[in-house]
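S.K.: This is the structure I have questions about; it appears just below.
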Amino acid sequence: MGVRLMVVDDHRLLAEALASALKLRGHRVLAAAAPSAGAADLVVSRAPEVCLLGTAAPAEPGAFDPIVRIKKERPQVAVVVLGPVPSPRGIAAAFAAGASGYVRNDERIEGVERAMMKARAGEAAISPQLLQQAFEELLHPVAKPDDEGARLLQLLTPREVEVLMRVADGEDTRLIAAGMAIAPSTARTHVQRVLMKLEVGSRLEAAALAARTGLLERAAAVGAVAAAAGTDEPEEPEGGAPPP
């Protein structure tokens with residue numbers, strides 16, 4: 001027996017295409033719509049047996065708010081989420097909101113149909129492959145790419161951050177010393193330390209590295225906070241190593 005269903009997806013054309021395919025397989029499609037503020041209202045008013053809810057970002061906050069509303073007002077409606085390969089958080093969020101299943105949005109129509117039938121029967125509709133992928137990510141999480149700018153910034157003191165900003169602005173040792181009200185020898189020492197910590201051989205390389213990694217923007221923010229707080233460091237003795 002066919003399923004009374006609705007298809008709600010981020011893209012109306014996809015929703016209509018899926019609805020047409022399911023109609024050809026003997027199911028009764030009450031509506032195919034793009035999600036909006038009224039999508040949950042539409043599902044609540046039509047009361048299908050199953051709602052196929054498409055989402056492009058299952059891990060985003062609020063992605064499954066419509067499910068919460070649907071299950072609150074029409075608990076008998078089984079909601080099956082159609083989404084990309086999800087993170088464990090996305091799967092957990094879908095089921096926590098009240099979904100009865102999760103199906104990849106590139107699944108064959110037969111797979112979608114099986115999920116619909118299981119959901120209508122009160123069973124959890126999720127493929128073993130998706131569960132395996134989710135558990136794999138939980139057990140072996142993929143490391144996020146390093147934020148090189150943040151890492152480099154942690155190597156510098158607030159005073160060295162200010163020095164780097166001035167170096168990037170093209171100031172020489174004399175201007176750095178005057179602008180920071182420190183001795184020229186102290187300015188040279190700070191510059192040398194910045195170059196050493198950034199592992200570069202010249203001021204030009206330091207400026208280029210800072211620009212490439214976003215360190216300049218981060219340094220500007222840190223420098224502003226340090227200036228507002230009146231951060232200061234004791235001056236170095238005369239005789240620091242000259243810059244390259």
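Labels used: A, B, ... for chains in the order of the structure tokens, numbers from 1 for residues in each chain, and numbers from 1 for ligands as shown.
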Give one line per residue of region 61-105 of chain A that approaches region 123-137 of chain A to at most 9 Å, naming the two atoms of the closest pair and their distance in Å to one decimal, counting only C-alpha atoms; sort by chain then ascending residue number and deliver it as JSON lines.
M.R.:
```
{"residue": "A:Val80", "atom": "CA", "partner": "A:Ala125", "partner_atom": "CA", "distance": 7.6}
{"residue": "A:Val85", "atom": "CA", "partner": "A:Leu130", "partner_atom": "CA", "distance": 7.6}
{"residue": "A:Pro86", "atom": "CA", "partner": "A:Ala134", "partner_atom": "CA", "distance": 7.5}
{"residue": "A:Ser87", "atom": "CA", "partner": "A:Ala134", "partner_atom": "CA", "distance": 6.2}
{"residue": "A:Pro88", "atom": "CA", "partner": "A:Ala134", "partner_atom": "CA", "distance": 4.9}
{"residue": "A:Arg89", "atom": "CA", "partner": "A:Ala134", "partner_atom": "CA", "distance": 8.7}
{"residue": "A:Ile91", "atom": "CA", "partner": "A:Ala134", "partner_atom": "CA", "distance": 8.0}
{"residue": "A:Ala99", "atom": "CA", "partner": "A:Ala124", "partner_atom": "CA", "distance": 8.7}
{"residue": "A:Ser100", "atom": "CA", "partner": "A:Ala124", "partner_atom": "CA", "distance": 5.3}
{"residue": "A:Gly101", "atom": "CA", "partner": "A:Ala125", "partner_atom": "CA", "distance": 4.1}
{"residue": "A:Tyr102", "atom": "CA", "partner": "A:Ile126", "partner_atom": "CA", "distance": 5.2}
{"residue": "A:Val103", "atom": "CA", "partner": "A:Ile126", "partner_atom": "CA", "distance": 6.2}
{"residue": "A:Arg104", "atom": "CA", "partner": "A:Leu130", "partner_atom": "CA", "distance": 8.3}
```
S.K.: Give me a file of those residues, with N, CA, C and O atoms, as a PDB file, in the first residue's frame.
M.R.:
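Contents of part.pdb, freshly written:
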```
ATOM      1  N   VAL A  80      11.500  11.664   7.979  1.00  0.00           N
ATOM      2  CA  VAL A  80      12.759  11.078   7.516  1.00  0.00           C
ATOM      3  C   VAL A  80      13.595  12.201   6.916  1.00  0.00           C
ATOM      4  O   VAL A  80      13.149  12.890   5.999  1.00  0.00           O
ATOM      5  N   VAL A  85      26.221  13.311   3.589  1.00  0.00           N
ATOM      6  CA  VAL A  85      26.886  12.423   4.547  1.00  0.00           C
ATOM      7  C   VAL A  85      27.025  13.198   5.849  1.00  0.00           C
ATOM      8  O   VAL A  85      27.701  14.226   5.897  1.00  0.00           O
ATOM      9  N   PRO A  86      26.382  12.762   6.916  1.00  0.00           N
ATOM     10  CA  PRO A  86      26.327  13.586   8.117  1.00  0.00           C
ATOM     11  C   PRO A  86      27.470  13.316   9.075  1.00  0.00           C
ATOM     12  O   PRO A  86      28.112  12.261   9.039  1.00  0.00           O
ATOM     13  N   SER A  87      27.695  14.274   9.940  1.00  0.00           N
ATOM     14  CA  SER A  87      28.570  14.046  11.076  1.00  0.00           C
ATOM     15  C   SER A  87      27.748  13.334  12.140  1.00  0.00           C
ATOM     16  O   SER A  87      26.514  13.335  12.092  1.00  0.00           O
ATOM     17  N   PRO A  88      28.402  12.712  13.121  1.00  0.00           N
ATOM     18  CA  PRO A  88      27.634  12.120  14.221  1.00  0.00           C
ATOM     19  C   PRO A  88      26.711  13.138  14.876  1.00  0.00           C
ATOM     20  O   PRO A  88      25.609  12.806  15.292  1.00  0.00           O
ATOM     21  N   ARG A  89      27.162  14.387  14.935  1.00  0.00           N
ATOM     22  CA  ARG A  89      26.335  15.431  15.546  1.00  0.00           C
ATOM     23  C   ARG A  89      25.061  15.652  14.730  1.00  0.00           C
ATOM     24  O   ARG A  89      23.982  15.854  15.284  1.00  0.00           O
ATOM     25  N   ILE A  91      23.478  13.432  12.769  1.00  0.00           N
ATOM     26  CA  ILE A  91      22.568  12.305  12.986  1.00  0.00           C
ATOM     27  C   ILE A  91      21.911  12.410  14.357  1.00  0.00           C
ATOM     28  O   ILE A  91      20.696  12.245  14.504  1.00  0.00           O
ATOM     29  N   ALA A  99      13.190  12.866  14.580  1.00  0.00           N
ATOM     30  CA  ALA A  99      13.177  12.198  13.277  1.00  0.00           C
ATOM     31  C   ALA A  99      13.102  10.687  13.445  1.00  0.00           C
ATOM     32  O   ALA A  99      13.588  10.126  14.431  1.00  0.00           O
ATOM     33  N   SER A 100      12.486  10.038  12.470  1.00  0.00           N
ATOM     34  CA  SER A 100      12.395   8.578  12.478  1.00  0.00           C
ATOM     35  C   SER A 100      13.476   7.938  11.627  1.00  0.00           C
ATOM     36  O   SER A 100      13.660   6.723  11.673  1.00  0.00           O
ATOM     37  N   GLY A 101      14.165   8.760  10.832  1.00  0.00           N
ATOM     38  CA  GLY A 101      15.192   8.188   9.969  1.00  0.00           C
ATOM     39  C   GLY A 101      16.082   9.249   9.354  1.00  0.00           C
ATOM     40  O   GLY A 101      15.780  10.444   9.406  1.00  0.00           O
ATOM     41  N   TYR A 102      17.176   8.783   8.791  1.00  0.00           N
ATOM     42  CA  TYR A 102      18.125   9.659   8.100  1.00  0.00           C
ATOM     43  C   TYR A 102      18.602   8.904   6.857  1.00  0.00           C
ATOM     44  O   TYR A 102      19.102   7.775   6.962  1.00  0.00           O
ATOM     45  N   VAL A 103      18.451   9.537   5.689  1.00  0.00           N
ATOM     46  CA  VAL A 103      18.830   8.925   4.422  1.00  0.00           C
ATOM     47  C   VAL A 103      19.691   9.910   3.652  1.00  0.00           C
ATOM     48  O   VAL A 103      19.385  11.113   3.620  1.00  0.00           O
ATOM     49  N   ARG A 104      20.761   9.416   3.053  1.00  0.00           N
ATOM     50  CA  ARG A 104      21.590  10.298   2.230  1.00  0.00           C
ATOM     51  C   ARG A 104      20.776  10.835   1.061  1.00  0.00           C
ATOM     52  O   ARG A 104      19.976  10.120   0.453  1.00  0.00           O
TER      53      ARG A 104
END
```
S.K.: Please list as JSON, numbers by chain every residue within 10 Å of Pro75 (chain A), counting only C-alpha atoms and excluding residues in the same chain fewer than 4 positions away.
M.R.: {"A": [44, 47, 67, 68, 69, 70, 71, 79, 98]}
S.K.: Which one is closest to Glu16 (chain A): A:Ala63, A:Leu52, A:Gly83, A:Arg151? Count only C-alpha atoms.
M.R.: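 Under the stated criterion, the closest residue is A:Leu52.
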S.K.: Could you please write out, as a count of residues only, every residue of region 53-229 of chain A that DSSP assigns to strand (DSSP E)?
M.R.: 14
S.K.: In Å, with one decimal, what is the gap from CA of Gly90 (chain A) to CA of Pro66 (chain A)?
M.R.: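 So the two atoms, CA of Gly90 (chain A) and CA of Pro66 (chain A), lie 14.8 Å apart.
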S.K.: Going by DSSP on the backbone, which bits of region 5-219 of chain A are alpha helix (DSSP H)? Write them as a ChimeraX atom specification, please.
M.R.: /A:12-24,39-46,65-73,88-97,109-120,128-139,148-155,158-168,173-180,184-198,203-213,215-219
S.K.: Take the selection from the previous step and output its residues with C-alpha atoms, as a short mmCIF file (atom, residue, chain, number, x, y, z; two decimals), in the first residue's frame.
M.R.:
```cif
data_model
loop_
_atom_site.label_atom_id
_atom_site.label_comp_id
_atom_site.auth_asym_id
_atom_site.auth_seq_id
_atom_site.Cartn_x
_atom_site.Cartn_y
_atom_site.Cartn_z
CA ARG A 12 11.98 23.06 -4.85
CA LEU A 13 13.05 21.36 -8.08
CA LEU A 14 14.58 18.48 -6.15
CA ALA A 15 11.49 18.21 -3.98
CA GLU A 16 9.25 18.08 -7.05
CA ALA A 17 11.48 15.56 -8.84
CA LEU A 18 11.49 13.24 -5.82
CA ALA A 19 7.74 13.66 -5.43
CA SER A 20 7.18 12.75 -9.08
CA ALA A 21 9.35 9.64 -8.78
CA LEU A 22 7.46 8.49 -5.69
CA LYS A 23 4.10 9.10 -7.35
CA LEU A 24 5.15 6.80 -10.17
CA ALA A 39 6.82 24.49 6.03
CA ALA A 40 6.03 23.03 9.45
CA ASP A 41 2.57 24.59 9.30
CA LEU A 42 1.96 22.87 5.96
CA VAL A 43 2.97 19.48 7.32
CA VAL A 44 0.87 19.95 10.43
CA SER A 45 -2.17 20.96 8.40
CA ARG A 46 -1.89 18.10 5.85
CA ASP A 65 13.43 22.96 14.45
CA PRO A 66 10.60 22.09 12.00
CA ILE A 67 10.77 18.47 13.17
CA VAL A 68 10.33 19.54 16.78
CA ARG A 69 7.23 21.52 15.82
CA ILE A 70 5.81 18.70 13.67
CA LYS A 71 6.32 16.05 16.34
CA LYS A 72 4.82 18.29 18.98
CA GLU A 73 1.61 18.92 17.06
CA PRO A 88 27.63 12.12 14.22
CA ARG A 89 26.34 15.43 15.55
CA GLY A 90 24.02 15.78 12.55
CA ILE A 91 22.57 12.30 12.99
CA ALA A 92 22.18 12.80 16.74
CA ALA A 93 20.48 16.19 16.23
CA ALA A 94 18.01 14.72 13.74
CA PHE A 95 16.93 11.89 16.04
CA ALA A 96 16.95 14.13 19.11
CA ALA A 97 14.50 16.44 17.34
CA ILE A 109 14.79 5.91 -4.94
CA GLU A 110 14.51 2.33 -3.67
CA GLY A 111 16.48 3.28 -0.58
CA VAL A 112 14.28 6.30 0.08
CA GLU A 113 11.21 4.14 -0.33
CA ARG A 114 12.48 1.52 2.12
CA ALA A 115 13.19 4.25 4.68
CA MET A 116 9.66 5.61 4.26
CA MET A 117 8.11 2.21 4.83
CA LYS A 118 10.22 1.53 7.92
CA ALA A 119 9.47 4.95 9.37
CA ARG A 120 5.74 4.50 8.83
CA PRO A 128 24.10 0.44 8.60
CA GLN A 129 26.64 2.21 6.38
CA LEU A 130 25.68 5.64 7.76
CA LEU A 131 25.88 4.37 11.31
CA GLN A 132 29.28 2.84 10.60
CA GLN A 133 30.56 6.13 9.15
CA ALA A 134 29.26 8.02 12.16
CA PHE A 135 30.92 5.66 14.62
CA GLU A 136 34.16 5.79 12.62
CA GLU A 137 34.22 9.56 12.94
CA LEU A 138 33.51 9.36 16.66
CA LEU A 139 36.28 6.82 17.21
CA GLU A 148 48.75 28.86 11.26
CA GLY A 149 48.06 32.50 12.08
CA ALA A 150 46.76 31.64 15.55
CA ARG A 151 49.67 29.29 16.20
CA LEU A 152 52.26 31.89 15.24
CA LEU A 153 50.53 34.58 17.27
CA GLN A 154 50.81 32.45 20.39
CA LEU A 155 54.59 32.54 20.01
CA PRO A 158 52.14 41.60 23.16
CA ARG A 159 55.16 43.87 22.66
CA GLU A 160 56.46 41.65 19.86
CA VAL A 161 53.01 41.73 18.25
CA GLU A 162 53.23 45.52 18.12
CA VAL A 163 56.73 45.30 16.68
CA LEU A 164 55.52 42.94 13.97
CA MET A 165 52.72 45.32 13.05
CA ARG A 166 55.19 48.15 12.69
CA VAL A 167 57.56 45.98 10.66
CA ALA A 168 54.67 45.11 8.34
CA THR A 173 64.36 50.43 13.76
CA ARG A 174 64.46 54.17 14.45
CA LEU A 175 60.74 54.63 13.75
CA ILE A 176 59.84 51.54 15.77
CA ALA A 177 61.84 52.85 18.73
CA ALA A 178 60.29 56.31 18.50
CA GLY A 179 56.75 55.02 18.06
CA MET A 180 57.04 52.67 21.01
CA PRO A 184 66.76 51.70 19.47
CA SER A 185 68.74 48.76 20.89
CA THR A 186 65.57 47.45 22.51
CA ALA A 187 63.70 47.82 19.23
CA ARG A 188 66.43 45.86 17.44
CA THR A 189 66.23 43.11 20.06
CA HIS A 190 62.44 42.86 19.68
CA VAL A 191 62.73 42.68 15.90
CA GLN A 192 65.37 39.95 16.18
CA ARG A 193 63.16 37.94 18.50
CA VAL A 194 60.18 38.26 16.17
CA LEU A 195 62.24 37.00 13.23
CA MET A 196 63.59 34.13 15.30
CA LYS A 197 60.18 33.06 16.58
CA LEU A 198 58.63 33.22 13.12
CA ARG A 203 61.69 41.74 7.96
CA LEU A 204 60.21 41.36 4.49
CA GLU A 205 59.74 37.62 5.03
CA ALA A 206 58.11 38.30 8.40
CA ALA A 207 55.65 40.74 6.83
CA ALA A 208 54.85 38.33 4.00
CA LEU A 209 54.29 35.42 6.41
CA ALA A 210 52.06 37.54 8.60
CA ALA A 211 49.94 38.59 5.63
CA ARG A 212 49.69 35.08 4.17
CA THR A 213 48.57 33.41 7.40
CA LEU A 215 48.55 36.93 11.41
CA LEU A 216 48.35 40.64 10.63
CA GLU A 217 44.60 40.76 11.28
CA ARG A 218 44.97 38.76 14.48
CA ALA A 219 47.93 40.85 15.55
#
```
S.K.: Grab the CA of Val29 (chain A) to CA of Gly122 (chain A) distance for me, in Å with one decimal place.
M.R.: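 According to the coordinates, CA of Val29 (chain A) and CA of Gly122 (chain A) are separated by 19.7 Å.
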S.K.: Provide the CA of Arg108 (chain A) to CA of Asp9 (chain A) distance in Å, to one decimal place.
M.R.: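 Answer for the CA of Arg108 (chain A) to CA of Asp9 (chain A) separation: 16.4 Å.
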S.K.: Neighbours of Leu5 (chain A) within 7 Å (only C-alpha atoms; same-chain residues fewer than 6 positions away dropped), as a PyMOL selection string?
M.R.: chain A and resi 28-30+48-51
S.K.: So that I can see what lies close to Gly54 (chain A), please list as a ChimeraX atom specification the residues with an atom at most 8 Å from it, counting only C-alpha atoms and leaving out residues fewer than 4 positions away in the same chain.
M.R.: /A:7-10,81-83,105
